[in-house]
Amino acid sequence: MPLVSCADLAGRSLLASLISLPTQGATVTSATPVAAGDVGNTLGDYCRVRGTIQPVDPAAQAINFAVNLPEQWNRKTIHFGGGGFDGVVIDGTELVRFGPAGKPAPLALGYATYGDDSGHQSSSITDGRFAANDEQLANYGGLSLKKTRDVALALVLARYGVKPVHAYFLGTSTGGRDALSYIQRWPLDYDGVIANEPALNYTGTRLSNVAVGRALYGNGAAGWLSLTKTLLVQKAAMDACDKLDGAADRIVSNVESCRQLNTQILASLRCTGGADTGNNCLSDAQLDTVRAIENPLNFTTYSLANGVKRAGGYNILEGTLVAGPFTTRDLGTTAAARDANVFVTGDQWAKYFVTRNSSFDSVTLDPLDPGAYTARVTEVSMLTDATNPDLAPFFDHGGRLIMLHGLADEVISNNSTIDYYKQVVATLGQAAVDKGMRFYTVPGMGHGTGSFIPNWDSLAALEGWVEGGLAPATGVAVDAVAGTYGRTRPLCRFPAWPKYRGSGSLDAAVNYSCVTEVGDPLACPNLPASVTTYKGGNSFGEELRVQIDPATMAYTVAIDASLQRAAGTTRTGSLVSEANCTYSSAESGAVFTFASGGVVTGGVNAPSGGGFAPLVAFQNTFSAAPVSGDFKSVANIFNAVGVQQGTGGTGAQSMAVRLRNAGTFQYCRDTVSGSFMVYDAACTQTEKGYAAYNTTRGSFDVFTTSPTGGAVTTGGTLTGSMVIGLVNGVAVPLHLVRESAANMGLRVFGLQQSLTPGTSDGSYAMVSVMGENHDATVAGSGFNLGGAAAALSYDTPVLGVAQSDAGRPGNFIFNSGILAFVSNPGANAALELGVRH
């Protein structure tokens with residue numbers, strides 16, 4: 001039970017001797033009982049205490065503090081950190097930042113809570129004028145935190161008569177810096193700390209702000225980026241990097257792989273000649289602005305506090321959003337306004353923290369060489385930064401730290417936080433850090449903004465660690481963004497990131513793994529080790545070879561047999577990595593994908609009419625002399641899907657086919673649907689023929705024979721060829737039809753045996769005869785092709801075929817990682833084929 005009534009705390013004075021840093025004492029200006037039943041109160045019965053801590057300097061403003069003392073106290077306290085330039089009282093009634101939806105505020109859970117305004121009052125958290133006063137600046141740098149804590153502890157003792165059993169500190173942004181600053185200076189006061197997106201390298205952050213401002217507004221503002229151009233940059237980065245984690249979800253999770261594409265992305269954005277020629281490209285000066293945002297600052301002529309020589313950049317080329325619907329911040333309204341969010345706080349810092357000249361032109365301050373202000377920058381850094389890596393005193397008394405930062409933070413560089421974490425490891429060793437610290441990074445998360453905002457119970461995790469000895473592991477974060485609310489991702493410990501496993505819902509954390517990849521993260525494990533030739537064909541029935549040089553990613557597509565162009569015709573170009581073993585090409589937009597087992601899909605410029613013709617080819621193929629029994633190892637009953645192209649237009653095909661030991665084949669189509677059926681040697685809608693090996697081309701010539709006669713291996717009419725790929729020893733026959741100008745095409749075989757749900761699960765890169773590239777996902781009964789979702793029925797209408805419903809009507813067959821989908825007959829009937837990543 002409380003020892004002193006709430007009302008009796010009002011007017012109480014605390015002597016300066018009770019506060020361990022210099023003050024003129026503290027005064028409780030109000031102490032108000034708040035009842036659980038009061039209108040609008042969801043925090044239970046508590047005593048609402050407000051007061052001031054008097055400065056030593058009479059010209060300095062007082063520290064306003066707030067303390068909340070619950071009637072049903074759980075013997076624990078929480079100190080809440082501030083935000084921005086502070087100036088507004090943190091009253092301790094708030095929810096845990098990024099906490100789970102529906103969980104009550106800590107005060108409602110029985111915590112005594114407190115916070116302050118850092119020792120100055122302002123209506124704006126971007127107002128830096130307070131820093132012109134030394135005591136106010138020192139308070140903002142962290143001293144107000146200790147003063148407030150000492151006052152809060154005295155009030156807790158007065159109210160309850162006992163000290164708290166556990167004390168915690170929670171902070172975000174400036175509050176995250178507050179949390180780290182506190183345990184670096186006074187390591188014994190708190191048992192557990194949560195520091196979200198901490199502005200720990202505070203001076204480096206402000207120097208980065210100035211550097212970006214110089215790029216935007218210097219040189220006649222030639223480098224200023226409009227909203228349109230900023231969105232252009234963001235789109236280019238997202239298009240290049242979205243799928244590096246295996247999931248097309250508009251979140252860049254594989255940030256470090258994406259960073260390796262910086263040069264490529266910037267080159268794609270450059271206006272011809274480097275001059276500003278419009279909204280579809282960036283001038284050289286504008287590209288320099290992107291680099292100023294992206295690149296770290298490396299200080300070579302001086303150091304910041306704790307020997308820091310670097311300020312991290314912002315990942316604008318790795319998915320960070322500084323403009324658009326997911327953030328309220330951008331690069332300003334006009335060049336003349338100088339109102340870019342990323343510059344405003346740096347400008348205030350330069351005017352009031354450093355130069356103390358309100359008319360100073362911050363664009364003239366060189367962050368890498370501040371000249372006459374160098375010593376002052378370092379002095380301010382000592383006052384405000386939270387970069388001391390020696391957390392041993394905090395860890396040694398049992399203190400535990402949870403740190404979280406979004407990898408798409410547009411305000412506080414996550415790269416500076418990563419640098420700090422690495423320095424803590426270098427100072428204390430990984431074992432000590434693992435014992436006392438957890439550092440989580442969140443893809444897609446901005447500064448409380450972004451395309452993924454995590455909700456997770458960090459307070460429960462901290463309590464379990466401090467009070468129960470249960471160290472947090474990989475958590476599950478629930479997205480709080482309105483349009484994607486409820487999707488989940490694993491909360492991965494740095495340096496791991498969530499990688500899609502290739503199957504299942506993109507919105508479920510269970511389908512992701514926290515991975516830490518080594519080596520070249522962009523390297524494709526399915527590329528050959530040396531120059532290699534793949535044999536296959538395309539949708540016009542052309543037989544071809546694809547040669548790949550993995551050292552240069554140069555490719556050559558050579559036509560071996562065709563009705564439309566001469567044998568020996570070649571196409572050459574270079575493949576450029578996109579992600580997941582997919583590469584852009586010079587073939588009218590066709591994307592090449594390398595799959596395990598020696599398969600490549602892609603496209604080659606169509607022989608006529610523009611666009612590309614999808615192709616599939618194999619490293620290993622079956623070969624046989626034309627004698628009886630040679631096909632025994634690959635003979636079977638299959639389903640086939642395909643496309644017929646030519647002067648008669650484009651039409652999709654689906655049927656049954658038997659390939660016999662002697663190389664003879666027979667197709668069967670259902671008499672009603674003209675489509676799939678259970679193979680029947682007596683079928684009436686039929687095609688018959690045989691395949692004979694052609695040693696010159698390394699493929700089989702296909703001869704069509706009478707549909708009413710028996711199976712023969714002589715005579716007939718040459719109507720195309722067959723390439724039988726061997727994928728991990730499994731046969732994948734391709735029938736390349738070249739009957740006439742009206743009948744050319746490609747048919748892919750898959751076994752006519754039960755296709756068990758799950759067997760074909762995965763993520764696929766697809767190419768379409770419509771000249772398009774699509775992503776496809778199969779997950780149990782779920783199917784998504786090119787963004788259209790459908791439900792699947794397996795072994796429908798026959799064994800080995802999956803049928804998708806009206807969401808994406810059609811059927812697919814699956815064979816050794818190759819998916820061949822044929823849409824239902826109609827105006828858009830087509831074949832799409834691809835390989836599983």
# chains A, B, ... in the order shown; residues from 1 in each chain; ligands from 1
$ residues_around --residues "Leu462 in chain A" --least-positions-apart "5" --cutoff "12 Å" --atoms "only C-alpha atoms" --output "PyMOL selection string"
chain A and resi 78+166-170+191-195+399-403+436-438+456-457+467-473
$ write_last_selection --atoms "N, CA, C and O atoms" --output "mmCIF file, in the first residue's frame"
data_model
loop_
_atom_site.group_PDB
_atom_site.id
_atom_site.type_symbol
_atom_site.label_atom_id
_atom_site.label_comp_id
_atom_site.auth_asym_id
_atom_site.auth_seq_id
_atom_site.Cartn_x
_atom_site.Cartn_y
_atom_site.Cartn_z
ATOM 1 N N ILE A 78 9.619 2.191 -15.489
ATOM 2 C CA ILE A 78 10.047 2.386 -16.877
ATOM 3 C C ILE A 78 10.309 3.867 -17.101
ATOM 4 O O ILE A 78 9.448 4.715 -16.825
ATOM 5 N N HIS A 166 12.930 -3.968 -10.302
ATOM 6 C CA HIS A 166 13.560 -3.865 -11.614
ATOM 7 C C HIS A 166 13.252 -2.504 -12.220
ATOM 8 O O HIS A 166 12.147 -1.968 -12.045
ATOM 9 N N ALA A 167 14.239 -1.979 -12.964
ATOM 10 C CA ALA A 167 14.081 -0.683 -13.618
ATOM 11 C C ALA A 167 14.478 -0.825 -15.086
ATOM 12 O O ALA A 167 15.539 -1.396 -15.398
ATOM 13 N N TYR A 168 13.612 -0.297 -15.948
ATOM 14 C CA TYR A 168 13.831 -0.407 -17.394
ATOM 15 C C TYR A 168 13.823 0.978 -18.044
ATOM 16 O O TYR A 168 13.231 1.931 -17.532
ATOM 17 N N PHE A 169 14.476 1.038 -19.203
ATOM 18 C CA PHE A 169 14.501 2.268 -20.000
ATOM 19 C C PHE A 169 14.092 1.897 -21.420
ATOM 20 O O PHE A 169 14.674 0.992 -22.028
ATOM 21 N N LEU A 170 13.089 2.593 -21.956
ATOM 22 C CA LEU A 170 12.621 2.364 -23.318
ATOM 23 C C LEU A 170 12.735 3.664 -24.112
ATOM 24 O O LEU A 170 12.294 4.716 -23.643
ATOM 25 N N ASP A 191 18.228 -2.193 -15.322
ATOM 26 C CA ASP A 191 18.419 -3.626 -15.531
ATOM 27 C C ASP A 191 18.230 -4.032 -16.986
ATOM 28 O O ASP A 191 18.805 -5.021 -17.435
ATOM 29 N N GLY A 192 17.386 -3.299 -17.698
ATOM 30 C CA GLY A 192 17.095 -3.648 -19.080
ATOM 31 C C GLY A 192 16.746 -2.422 -19.883
ATOM 32 O O GLY A 192 16.122 -1.490 -19.370
ATOM 33 N N VAL A 193 17.152 -2.435 -21.153
ATOM 34 C CA VAL A 193 16.978 -1.270 -22.019
ATOM 35 C C VAL A 193 16.512 -1.720 -23.387
ATOM 36 O O VAL A 193 17.001 -2.735 -23.920
ATOM 37 N N ILE A 194 15.575 -0.979 -23.972
ATOM 38 C CA ILE A 194 15.188 -1.160 -25.372
ATOM 39 C C ILE A 194 15.518 0.133 -26.109
ATOM 40 O O ILE A 194 15.027 1.211 -25.735
ATOM 41 N N ALA A 195 16.343 0.039 -27.134
ATOM 42 C CA ALA A 195 16.735 1.200 -27.932
ATOM 43 C C ALA A 195 16.316 0.946 -29.375
ATOM 44 O O ALA A 195 16.967 0.176 -30.088
ATOM 45 N N GLY A 399 22.794 -6.243 -16.707
ATOM 46 C CA GLY A 399 22.008 -5.425 -17.614
ATOM 47 C C GLY A 399 21.837 -6.088 -18.972
ATOM 48 O O GLY A 399 22.751 -6.740 -19.486
ATOM 49 N N ARG A 400 20.677 -5.912 -19.554
ATOM 50 C CA ARG A 400 20.373 -6.522 -20.854
ATOM 51 C C ARG A 400 19.834 -5.450 -21.807
ATOM 52 O O ARG A 400 19.024 -4.607 -21.419
ATOM 53 N N LEU A 401 20.288 -5.521 -23.058
ATOM 54 C CA LEU A 401 19.972 -4.505 -24.060
ATOM 55 C C LEU A 401 19.352 -5.149 -25.291
ATOM 56 O O LEU A 401 19.922 -6.092 -25.857
ATOM 57 N N ILE A 402 18.193 -4.639 -25.706
ATOM 58 C CA ILE A 402 17.586 -5.000 -26.981
ATOM 59 C C ILE A 402 17.631 -3.761 -27.874
ATOM 60 O O ILE A 402 17.121 -2.704 -27.505
ATOM 61 N N MET A 403 18.237 -3.918 -29.032
ATOM 62 C CA MET A 403 18.368 -2.805 -29.971
ATOM 63 C C MET A 403 17.730 -3.225 -31.292
ATOM 64 O O MET A 403 17.922 -4.342 -31.762
ATOM 65 N N GLY A 436 24.649 -10.330 -23.378
ATOM 66 C CA GLY A 436 23.951 -9.170 -22.854
ATOM 67 C C GLY A 436 23.187 -8.327 -23.845
ATOM 68 O O GLY A 436 22.524 -7.368 -23.446
ATOM 69 N N MET A 437 23.236 -8.669 -25.156
ATOM 70 C CA MET A 437 22.668 -7.760 -26.147
ATOM 71 C C MET A 437 22.006 -8.533 -27.273
ATOM 72 O O MET A 437 22.491 -9.580 -27.693
ATOM 73 N N ARG A 438 20.892 -8.001 -27.757
ATOM 74 C CA ARG A 438 20.246 -8.506 -28.962
ATOM 75 C C ARG A 438 20.038 -7.320 -29.907
ATOM 76 O O ARG A 438 19.489 -6.293 -29.510
ATOM 77 N N TRP A 456 5.828 -6.152 -32.162
ATOM 78 C CA TRP A 456 6.263 -7.351 -31.425
ATOM 79 C C TRP A 456 6.396 -6.962 -29.959
ATOM 80 O O TRP A 456 6.538 -5.786 -29.618
ATOM 81 N N ASP A 457 6.358 -7.934 -29.096
ATOM 82 C CA ASP A 457 6.330 -7.642 -27.662
ATOM 83 C C ASP A 457 7.746 -7.562 -27.111
ATOM 84 O O ASP A 457 8.235 -8.474 -26.445
ATOM 85 N N GLU A 467 14.297 -10.947 -15.976
ATOM 86 C CA GLU A 467 13.677 -11.531 -14.785
ATOM 87 C C GLU A 467 13.663 -13.049 -14.804
ATOM 88 O O GLU A 467 13.587 -13.679 -13.748
ATOM 89 N N GLY A 468 13.693 -13.630 -16.020
ATOM 90 C CA GLY A 468 13.619 -15.084 -16.103
ATOM 91 C C GLY A 468 14.834 -15.738 -16.709
ATOM 92 O O GLY A 468 14.908 -16.971 -16.775
ATOM 93 N N GLY A 469 15.782 -14.952 -17.164
ATOM 94 C CA GLY A 469 16.994 -15.520 -17.745
ATOM 95 C C GLY A 469 16.805 -16.115 -19.120
ATOM 96 O O GLY A 469 17.683 -16.830 -19.611
ATOM 97 N N LEU A 470 15.671 -15.822 -19.772
ATOM 98 C CA LEU A 470 15.386 -16.389 -21.085
ATOM 99 C C LEU A 470 15.769 -15.371 -22.158
ATOM 100 O O LEU A 470 15.058 -14.390 -22.393
ATOM 101 N N ALA A 471 16.890 -15.606 -22.810
ATOM 102 C CA ALA A 471 17.363 -14.669 -23.822
ATOM 103 C C ALA A 471 16.466 -14.709 -25.044
ATOM 104 O O ALA A 471 16.067 -15.788 -25.492
ATOM 105 N N PRO A 472 16.123 -13.548 -25.618
ATOM 106 C CA PRO A 472 15.284 -13.538 -26.825
ATOM 107 C C PRO A 472 15.993 -14.230 -27.979
ATOM 108 O O PRO A 472 17.214 -14.126 -28.134
ATOM 109 N N ALA A 473 15.221 -14.919 -28.791
ATOM 110 C CA ALA A 473 15.768 -15.570 -29.984
ATOM 111 C C ALA A 473 15.189 -14.852 -31.198
ATOM 112 O O ALA A 473 15.081 -13.639 -31.219
#
$ select_by_dssp --residues "range 129-280 of chain A" --states "strand (DSSP E)" --output "list in words"
His166, Ala167, Tyr168, Phe169, Leu170, Gly171, Thr172, Gly192, Val193, Ile194, Ala195 and Asn196 of chain A
$ residues_around --residues "range 175-188 of chain A" --least-positions-apart "5" --cutoff "8 Å" --atoms "only C-alpha atoms" --output "list in words"
Phe80, Gly81, Gly82, Gly83, Gly142, Leu145, Lys146, Phe169, Leu170, Val193, Ile194, Ala195, Asn196, Glu197, Pro198, Ala199, Leu200, Tyr202, Asp385, Ala386, Thr387, Asn388, Asp390, Leu391, Pro393, Phe394, His397 and Gly399 of chain A
$ residues_around --residues "range 475-478 of chain A" --least-positions-apart "3" --cutoff "10 Å" --atoms "only C-alpha atoms" --output "count of residues only"
30
$ select_by_dssp --residues "range 262-391 of chain A" --states "helix (DSSP H, G or I)" --output "PyMOL selection string"
chain A and resi 262-269+272-274+284-294+305-307+341-354+362-364+371-384
$ residues_around --residues "Ser303 in chain A" --least-positions-apart "2" --cutoff "10 Å" --atoms "only C-alpha atoms" --output "number ranges by chain"
A: 298-301, 305-310, 374-375, 377-378, 381
$ atom_distance --atom1 "CA of Thr320 in chain A" --atom2 "CA of Asp239 in chain A"
12.8 Å
